[in-house]
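Data file: query-v6.cif. Format and content: mmCIF, C-alpha atoms.
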data_data
#
loop_
_atom_site.label_atom_id
_atom_site.label_comp_id
_atom_site.auth_asym_id
_atom_site.auth_seq_id
_atom_site.Cartn_x
_atom_site.Cartn_y
_atom_site.Cartn_z
CA MET H 1 17.56 1.67 5.99
CA LEU H 2 17.38 4.83 3.96
CA ASN H 3 20.27 6.45 5.85
CA GLU H 4 22.56 3.70 4.52
CA LEU H 5 22.05 4.99 0.98
CA ASP H 6 24.06 7.74 -0.62
CA ARG H 7 22.50 10.60 -2.57
CA TYR H 8 22.87 8.78 -5.91
CA GLU H 9 21.02 5.73 -4.64
CA ARG H 10 18.24 7.88 -3.18
CA GLN H 11 17.94 9.68 -6.51
CA ILE H 12 17.82 6.36 -8.36
CA LEU H 13 14.98 5.15 -6.13
CA THR H 14 13.05 8.38 -6.66
CA ILE H 15 13.43 8.18 -10.44
CA LEU H 16 12.50 4.50 -10.64
CA GLN H 17 9.36 5.12 -8.57
CA GLN H 18 8.30 7.78 -11.05
CA ASP H 19 9.03 5.69 -14.15
CA ALA H 20 10.55 2.22 -13.92
CA THR H 21 10.91 2.05 -17.70
CA ARG H 22 13.74 4.59 -17.68
CA THR H 23 16.96 3.09 -18.98
CA THR H 24 20.10 2.94 -16.88
CA THR H 25 21.69 5.40 -19.32
CA GLU H 26 18.85 7.90 -18.82
CA ILE H 27 19.02 7.56 -15.05
CA ALA H 28 22.81 7.91 -15.06
CA GLU H 29 22.59 11.11 -17.13
CA GLN H 30 19.95 12.58 -14.84
CA ILE H 31 21.92 11.99 -11.63
CA GLY H 32 25.38 12.70 -12.99
CA LEU H 33 26.94 9.22 -13.03
CA SER H 34 28.29 7.13 -15.86
CA GLN H 35 26.22 4.14 -16.98
CA ALA H 36 28.27 1.30 -15.40
CA PRO H 37 28.33 2.64 -11.81
CA CYS H 38 24.66 3.53 -12.09
CA TRP H 39 23.84 -0.03 -13.24
CA ARG H 40 25.86 -1.48 -10.32
CA ARG H 41 23.98 0.72 -7.84
CA ILE H 42 20.62 -0.37 -9.25
CA GLN H 43 21.67 -4.02 -8.99
CA ARG H 44 22.80 -3.48 -5.40
CA LEU H 45 19.48 -1.84 -4.55
CA ARG H 46 17.66 -4.86 -5.99
CA GLU H 47 19.86 -7.38 -4.18
CA ALA H 48 19.50 -5.49 -0.89
CA GLY H 49 15.71 -5.56 -1.25
CA TYR H 50 15.11 -1.84 -1.66
CA ILE H 51 13.55 -2.57 -5.05
CA LYS H 52 11.02 -5.34 -4.54
CA THR H 53 9.70 -5.56 -8.09
CA GLN H 54 8.87 -3.44 -11.09
CA VAL H 55 5.26 -3.24 -12.21
CA CYS H 56 2.94 -1.44 -14.54
CA LEU H 57 0.27 0.58 -12.73
CA LEU H 58 -3.11 0.50 -14.44
CA ASP H 59 -5.88 3.09 -14.47
CA ARG H 60 -8.67 1.16 -12.72
CA HIS H 61 -11.36 3.23 -14.45
CA LYS H 62 -10.00 2.36 -17.91
CA ILE H 63 -10.35 -1.36 -17.13
CA GLY H 64 -13.84 -0.98 -15.68
CA LEU H 65 -13.08 -1.07 -11.93
CA ASN H 66 -15.01 2.10 -11.15
CA MET H 67 -15.81 1.44 -7.51
CA LEU H 68 -13.26 1.61 -4.71
CA VAL H 69 -14.39 0.45 -1.27
CA PHE H 70 -12.61 0.38 2.07
CA VAL H 71 -13.90 -2.30 4.40
CA GLU H 72 -13.28 -2.39 8.14
CA VAL H 73 -13.43 -5.96 9.42
CA LYS H 74 -13.86 -7.05 13.03
CA LEU H 75 -13.36 -10.68 13.93
CA THR H 76 -15.00 -12.67 16.68
CA GLY H 77 -12.86 -14.23 19.39
CA VAL H 78 -13.10 -17.51 17.50
CA GLY H 79 -12.18 -15.73 14.27
CA ARG H 80 -9.00 -14.42 15.87
CA THR H 81 -7.90 -17.96 16.64
CA ASN H 82 -8.11 -18.75 12.91
CA LEU H 83 -6.15 -15.75 11.58
CA ALA H 84 -4.16 -17.80 9.08
CA GLU H 85 -7.37 -19.11 7.49
CA PHE H 86 -8.81 -15.57 7.29
CA GLU H 87 -5.59 -14.22 5.76
CA ASP H 88 -5.36 -17.04 3.20
CA THR H 89 -8.98 -16.50 2.19
CA ILE H 90 -8.52 -12.73 1.79
CA ARG H 91 -5.37 -13.31 -0.31
CA SER H 92 -7.43 -15.49 -2.69
CA PHE H 93 -9.88 -12.68 -3.53
CA PRO H 94 -8.64 -10.72 -6.58
CA GLU H 95 -10.98 -7.85 -5.68
CA VAL H 96 -8.96 -7.18 -2.51
CA LEU H 97 -5.94 -5.05 -3.40
CA ASP H 98 -4.71 -4.50 0.16
CA CYS H 99 -5.38 -5.99 3.56
CA PHE H 100 -3.92 -4.36 6.64
CA VAL H 101 -3.90 -5.57 10.25
CA LEU H 102 -4.89 -2.68 12.50
CA MET H 103 -4.63 -1.69 16.13
CA GLY H 104 -7.79 -0.12 17.45
CA SER H 105 -11.50 -0.75 17.17
CA VAL H 106 -11.25 -2.90 14.01
CA ASP H 107 -8.95 -5.79 13.15
CA PHE H 108 -8.42 -5.36 9.40
CA MET H 109 -8.81 -2.74 6.68
CA LEU H 110 -9.39 -3.96 3.13
CA ARG H 111 -9.10 -1.97 -0.09
CA VAL H 112 -11.46 -3.49 -2.64
CA VAL H 113 -12.05 -2.66 -6.31
CA VAL H 114 -15.07 -3.75 -8.33
CA PRO H 115 -16.89 -2.51 -11.43
CA ASP H 116 -20.02 -1.22 -9.67
CA ILE H 117 -22.28 -1.46 -6.62
CA GLU H 118 -23.89 -4.68 -7.86
CA ALA H 119 -20.47 -6.32 -8.16
CA TYR H 120 -19.60 -5.16 -4.65
CA GLU H 121 -22.86 -6.58 -3.34
CA GLN H 122 -22.00 -9.94 -4.96
CA PHE H 123 -18.47 -9.80 -3.53
CA PHE H 124 -19.77 -8.93 -0.07
CA TYR H 125 -22.52 -11.56 0.13
CA ASN H 126 -20.86 -14.38 -1.82
CA LYS H 127 -17.28 -14.04 -0.57
CA LEU H 128 -16.53 -11.68 2.30
CA SER H 129 -19.53 -12.38 4.54
CA ARG H 130 -18.99 -16.13 4.18
CA ILE H 131 -15.58 -16.06 5.86
CA PRO H 132 -15.96 -17.75 9.24
CA GLY H 133 -15.25 -15.59 12.27
CA ILE H 134 -16.26 -12.18 10.93
CA LEU H 135 -18.23 -10.26 13.54
CA ASP H 136 -18.71 -7.06 11.54
CA ALA H 137 -17.74 -5.59 8.18
CA ASN H 138 -18.25 -1.87 7.61
CA SER H 139 -18.04 -0.77 3.97
CA MET H 140 -17.08 2.76 2.96
CA VAL H 141 -17.49 3.66 -0.72
CA VAL H 142 -14.95 6.14 -2.08
CA MET H 143 -16.63 9.06 -3.83
CA SER H 144 -13.44 10.59 -5.26
CA GLU H 145 -9.68 10.25 -4.88
CA ILE H 146 -7.80 13.32 -3.70
CA LYS H 147 -4.39 11.65 -3.69
CA SER H 148 -3.37 8.15 -4.68
CA THR H 149 0.27 7.22 -5.11
CA THR H 150 2.63 4.31 -4.78
CA GLN H 151 5.67 6.59 -4.54
CA MET H 152 7.51 6.48 -1.21
CA PRO H 153 8.97 9.77 0.04
CA ILE H 154 12.75 9.62 -0.42
CA LEU H 155 14.51 12.54 1.21
CA ASN H 156 17.61 13.65 -0.66
#
Could you show the structure in this file as structure tokens?
Amino acid sequence: MLNELDRYERQILTILQQDATRTTTEIAEQIGLSQAPCWRRIQRLREAGYIKTQVCLLDRHKIGLNMLVFVEVKLTGVGRTNLAEFEDTIRSFPEVLDCFVLMGSVDFMLRVVVPDIEAYEQFFYNKLSRIPGILDANSMVVMSEIKSTTQMPILN
């Protein structure tokens, strides 16, 4: 829990979310600690699971993934009995960046990236629509991104 962290640890998490390539020395200088205690805190945050992994975030447009689509998926009653199969299949699709289980009128929300509308059509007809148990899939094409971040709000 965030309230178990002191101000230094919260600052470390904020800095690492902004740029995980920062050295321990740079982080220590920025938050007012010496290098060794800062390194120990970062290690503790990793061991405690606050830091899951460090990654490089890519610009999807630069690598040709120009279309972002959100897909609402409803399952049939039979489909709901085979949730594990649905989940495993969705995990196998590299086009699906996120899959969320929802409460409400739909069962899942997918975030899908593809190069263009033709690629999405191929994905939809050759992969998504072939998953057994799907009752309905409603696709919403993103026209522009107003805000997109991976940074969690850490209150200091």
Notebook entry, point to check: Could you work out how far CA of Gly49 in chain H lies from CA of Thr23 in chain H, giving the answer in Å with one decimal?
Noted result: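 Pair CA of Thr23 in chain H / CA of Gly49 in chain H returns 19.8 Å.
Proximity to Glu145 in chain H was assessed for H:Leu110, H:Leu68, H:Asn126, H:Thr81 counting all atoms listed in the file; the smallest distance is recorded for H:Leu68.
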Please produce, as a Markdown table, a per-residue contact table for range 49-124 of chain H versus range 15-20 of chain H (criterion: any atom at most 12 Å away, only C-alpha atoms considered), showing the nearest atom pair and its distance in Å to one decimal, sorted by chain then residue number.
| residue | atom | partner | partner_atom | distance |
| --- | --- | --- | --- | --- |
| H:Tyr50 | CA | H:Leu16 | CA | 11.3 |
| H:Ile51 | CA | H:Leu16 | CA | 9.1 |
| H:Lys52 | CA | H:Gln17 | CA | 11.3 |
| H:Thr53 | CA | H:Ala20 | CA | 9.8 |
| H:Gln54 | CA | H:Ala20 | CA | 6.5 |
| H:Val55 | CA | H:Ala20 | CA | 7.8 |
| H:Cys56 | CA | H:Ala20 | CA | 8.5 |
| H:Leu57 | CA | H:Asp19 | CA | 10.2 |
Checklist line | Residue list as a list of chain:residue names for point (-8.3, -11.3, -3.2), cut-off 12 Å, all atoms listed in the file | finding: H:Phe86, H:Glu87, H:Asp88, H:Thr89, H:Ile90, H:Arg91, H:Ser92, H:Phe93, H:Pro94, H:Glu95, H:Val96, H:Leu97, H:Asp98, H:Cys99, H:Leu110, H:Arg111, H:Val112, H:Val113, H:Val114, H:Phe123, H:Lys127, H:Leu128
Compile the contact shell of range 34-43 of chain H as a JSON list (two decimals) with C-alpha atoms, in the coordinates of the input: residues with an atom at most 8 Å away, counting only C-alpha atoms, same-chain residues fewer than 6 positions apart removed.
[["chain", "number", "residue", "atom", "x", "y", "z"],
["H", 9, "GLU", "CA", 21.02, 5.73, -4.64],
["H", 12, "ILE", "CA", 17.82, 6.36, -8.36],
["H", 24, "THR", "CA", 20.10, 2.94, -16.88],
["H", 25, "THR", "CA", 21.69, 5.40, -19.32],
["H", 27, "ILE", "CA", 19.02, 7.56, -15.05],
["H", 28, "ALA", "CA", 22.81, 7.91, -15.06]]
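CA of Gln151 in chain H sits 27.9 Å away from CA of Tyr120 in chain H.
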Check: In terms of the shortest atom-to-atom distance over all atoms listed in the file, which of H:Glu72, H:Glu85, H:Glu29, H:Asp107 is closest to Val141 in chain H?
Finding: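 Closest candidate: H:Glu72.
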Checklist line | Answer key for the PyMOL selection byres ((chain H and resi 5) around 12), residues as a list in words | finding: Met1, Leu2, Asn3, Glu4, Asp6, Arg7, Tyr8, Glu9, Arg10, Gln11, Ile12, Leu13, Arg41, Ile42, Arg44, Leu45, Ala48, Tyr50, Ile154, Leu155 and Asn156 of chain H
Checklist line | Residue with smallest distance to Thr14 in chain H - pool H:Met103, H:Ile117, H:Leu58, H:Ile31, counting all atoms listed in the file | finding: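 Result for the nearest residue to Thr14 in chain H: H:Ile31.
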Margin query: Using the chain letters and numbers from this file, what does the PyMOL selection byres ((chain H and resi 73) around 9) select? Give the answer as JSON, numbers by chain.
Written below: {"H": [71, 72, 74, 75, 106, 107, 108, 109, 110, 134, 135, 136, 137, 138, 139]}
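Going from CA of Lys62 in chain H to CA of Pro153 in chain H covers 27.1 Å.
Minimum distance to Ile63 in chain H across H:Pro115, H:Thr150, H:Thr21, H:Glu26 (counting all atoms listed in the file) occurs at H:Pro115.
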Check: For Phe100 in chain H, which residue among H:Gly77, H:Gln122, H:Pro132, H:Phe70 is the nearest when counting only C-alpha atoms?
Finding: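 When distances to Phe100 in chain H are compared using only C-alpha atoms, the smallest one comes from H:Phe70.
Proximity of H:Leu83, H:Ile146, H:Ala119, H:Leu33 to Val69 in chain H, computed with all atoms listed in the file, is greatest for H:Ala119.
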